[in-house]
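Here is the structure we will look at.
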Amino acid sequence: MTTFGDTTQTQAPAGPSVRPPLRRAYQGRMLAGVCAGLADYLGIDVTLIRVAFVVLTFLGGAAIPAYLACLLLIPEEGSEQSIASSLLDSVR
């Protein structure tokens, strides 16, 4: 009779996965880092995000205002404030 050691495997506790904060990335940016930041946040390849933006641009132009909104609302890496919030603070 052959005896094997304990073969039970421990699994990580189930719970919400920790995502990095949503920021416009420095690394891998082509324009303003929106696509690279979204890809980092979602944990997917940046090429998929870029292709989605291109497709949406050609299918009615919906990606252009979405990209601009992300540019204004998502803070850059190393910053806590977005462009829009810093503009609002300067007006006050």
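We label chains A, B, ... in the order they appear in the structure tokens, count residues from 1 in each chain, and number ligands from 1 in the order shown.
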
Do you know which residues are at most 12 Å from range 62-64 of chain A counting only C-alpha atoms, after dropping those on the same chain fewer than 4 positions away, and could you put them as a ChimeraX atom specification? /A:34-35,49-58,68-71

Dump all heavy atoms for the selected residues as a CSV table (one decimal), in the first residue's frame?
```csv
chain,number,residue,atom,x,y,z
A,34,VAL,N,-5.7,57.4,-21.2
A,34,VAL,CA,-7.1,57.0,-20.8
A,34,VAL,C,-7.2,55.5,-21.0
A,34,VAL,O,-7.6,54.7,-20.1
A,34,VAL,CB,-8.2,57.8,-21.6
A,34,VAL,CG1,-9.5,57.1,-21.3
A,34,VAL,CG2,-8.2,59.2,-21.1
A,35,CYS,N,-6.9,55.0,-22.2
A,35,CYS,CA,-7.0,53.6,-22.5
A,35,CYS,C,-6.1,52.7,-21.7
A,35,CYS,O,-6.6,51.7,-21.2
A,35,CYS,CB,-6.7,53.3,-24.0
A,35,CYS,SG,-7.9,54.1,-25.1
A,49,ILE,N,-9.1,47.8,-25.3
A,49,ILE,CA,-9.7,49.1,-25.1
A,49,ILE,C,-9.6,50.0,-26.3
A,49,ILE,O,-10.5,50.7,-26.7
A,49,ILE,CB,-9.1,49.7,-23.8
A,49,ILE,CG1,-9.3,48.8,-22.6
A,49,ILE,CG2,-9.7,51.1,-23.5
A,49,ILE,CD1,-10.7,48.7,-22.1
A,50,ARG,N,-8.4,50.0,-26.8
A,50,ARG,CA,-8.1,50.9,-28.0
A,50,ARG,C,-9.0,50.5,-29.2
A,50,ARG,O,-9.5,51.4,-29.9
A,50,ARG,CB,-6.6,50.9,-28.3
A,50,ARG,CG,-5.8,51.6,-27.3
A,50,ARG,CD,-4.3,51.5,-27.6
A,50,ARG,NE,-3.6,52.3,-26.6
A,50,ARG,CZ,-2.4,51.9,-26.1
A,50,ARG,NH1,-1.8,50.9,-26.6
A,50,ARG,NH2,-1.8,52.6,-25.2
A,51,VAL,N,-9.1,49.2,-29.4
A,51,VAL,CA,-9.9,48.8,-30.5
A,51,VAL,C,-11.4,49.2,-30.3
A,51,VAL,O,-12.1,49.6,-31.2
A,51,VAL,CB,-9.8,47.2,-30.7
A,51,VAL,CG1,-10.8,46.7,-31.7
A,51,VAL,CG2,-8.4,46.9,-31.3
A,52,ALA,N,-11.8,49.0,-29.1
A,52,ALA,CA,-13.2,49.4,-28.7
A,52,ALA,C,-13.4,50.9,-29.0
A,52,ALA,O,-14.5,51.3,-29.6
A,52,ALA,CB,-13.5,49.1,-27.3
A,53,PHE,N,-12.5,51.7,-28.6
A,53,PHE,CA,-12.6,53.2,-28.9
A,53,PHE,C,-12.6,53.5,-30.4
A,53,PHE,O,-13.4,54.3,-30.8
A,53,PHE,CB,-11.5,54.0,-28.2
A,53,PHE,CG,-11.8,54.4,-26.8
A,53,PHE,CD1,-11.3,53.7,-25.7
A,53,PHE,CD2,-12.7,55.5,-26.6
A,53,PHE,CE1,-11.7,54.1,-24.4
A,53,PHE,CE2,-13.0,55.9,-25.3
A,53,PHE,CZ,-12.5,55.2,-24.2
A,54,VAL,N,-11.8,52.8,-31.1
A,54,VAL,CA,-11.8,53.0,-32.6
A,54,VAL,C,-13.1,52.6,-33.2
A,54,VAL,O,-13.7,53.3,-34.1
A,54,VAL,CB,-10.6,52.3,-33.2
A,54,VAL,CG1,-10.7,52.3,-34.8
A,54,VAL,CG2,-9.3,52.9,-32.8
A,55,VAL,N,-13.6,51.4,-32.8
A,55,VAL,CA,-14.8,50.9,-33.4
A,55,VAL,C,-16.0,51.9,-33.1
A,55,VAL,O,-16.8,52.2,-33.9
A,55,VAL,CB,-15.1,49.5,-32.9
A,55,VAL,CG1,-16.5,49.0,-33.2
A,55,VAL,CG2,-14.1,48.5,-33.5
A,56,LEU,N,-16.0,52.3,-31.8
A,56,LEU,CA,-17.1,53.2,-31.4
A,56,LEU,C,-17.0,54.6,-32.1
A,56,LEU,O,-18.0,55.2,-32.3
A,56,LEU,CB,-17.1,53.4,-29.9
A,56,LEU,CG,-17.6,52.2,-29.1
A,56,LEU,CD1,-17.4,52.4,-27.6
A,56,LEU,CD2,-19.1,51.9,-29.4
A,57,THR,N,-15.8,55.0,-32.4
A,57,THR,CA,-15.6,56.2,-33.2
A,57,THR,C,-16.2,56.1,-34.6
A,57,THR,O,-16.8,57.0,-35.0
A,57,THR,CB,-14.1,56.6,-33.2
A,57,THR,OG1,-13.6,56.8,-31.9
A,57,THR,CG2,-13.9,57.8,-34.0
A,58,PHE,N,-15.9,55.0,-35.2
A,58,PHE,CA,-16.4,54.8,-36.6
A,58,PHE,C,-17.9,54.5,-36.6
A,58,PHE,O,-18.6,54.6,-37.6
A,58,PHE,CB,-15.7,53.7,-37.3
A,58,PHE,CG,-14.3,54.2,-37.7
A,58,PHE,CD1,-13.2,53.6,-37.2
A,58,PHE,CD2,-14.1,55.3,-38.6
A,58,PHE,CE1,-11.9,54.1,-37.6
A,58,PHE,CE2,-12.9,55.7,-39.0
A,58,PHE,CZ,-11.8,55.1,-38.5
A,68,LEU,N,-13.1,62.1,-24.1
A,68,LEU,CA,-12.9,63.4,-23.5
A,68,LEU,C,-13.4,63.5,-22.1
A,68,LEU,O,-12.8,64.1,-21.2
A,68,LEU,CB,-13.6,64.5,-24.4
A,68,LEU,CG,-12.9,64.7,-25.8
A,68,LEU,CD1,-13.8,65.7,-26.6
A,68,LEU,CD2,-11.5,65.2,-25.6
A,69,ALA,N,-14.5,62.8,-21.9
A,69,ALA,CA,-15.1,62.8,-20.5
A,69,ALA,C,-14.1,62.0,-19.6
A,69,ALA,O,-13.9,62.5,-18.4
A,69,ALA,CB,-16.5,62.1,-20.5
A,70,CYS,N,-13.6,60.9,-20.0
A,70,CYS,CA,-12.6,60.2,-19.2
A,70,CYS,C,-11.3,61.0,-19.0
A,70,CYS,O,-10.8,61.0,-17.9
A,70,CYS,CB,-12.2,58.9,-19.9
A,70,CYS,SG,-13.5,57.6,-19.9
A,71,LEU,N,-10.9,61.8,-20.0
A,71,LEU,CA,-9.8,62.6,-19.8
A,71,LEU,C,-10.0,63.7,-18.8
A,71,LEU,O,-9.1,64.0,-18.0
A,71,LEU,CB,-9.4,63.3,-21.2
A,71,LEU,CG,-8.4,64.4,-21.2
A,71,LEU,CD1,-7.0,63.8,-20.9
A,71,LEU,CD2,-8.3,65.1,-22.5
```

Go through A:Ala84, A:Ser79, A:Gly60, A:Val91 and flag the residue nearest Tyr26 in chain A, using only C-alpha atoms for the distances.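 Under the stated criterion, the closest residue is A:Ser79.
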
Residue nearest Tyr41 in chain A among A:Val18, A:Leu72, A:Leu59, A:Ala66 (counting only C-alpha atoms): A:Val18

When you draw a straight line from CA of Ala36 in chain A to CA of Asp89 in chain A, how long is it in Å?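 Between CA of Ala36 in chain A and CA of Asp89 in chain A the gap works out to 26.7 Å.
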
For CA of Gly37 in chain A and CA of Arg23 in chain A, determine how far apart the two atoms are, in Å to one decimal place.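 CA of Gly37 in chain A sits 5.3 Å away from CA of Arg23 in chain A.
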
Select from chain A everything DSSP, run on the backbone, classes as helix (DSSP H, G or I), then give the selection as a PyMOL selection string. chain A and resi 34-42+46-58+63-73+83-91

What is the CA of Gly61 in chain A-CA of Leu87 in chain A distance in Å, reported with one decimal? 26.2 Å
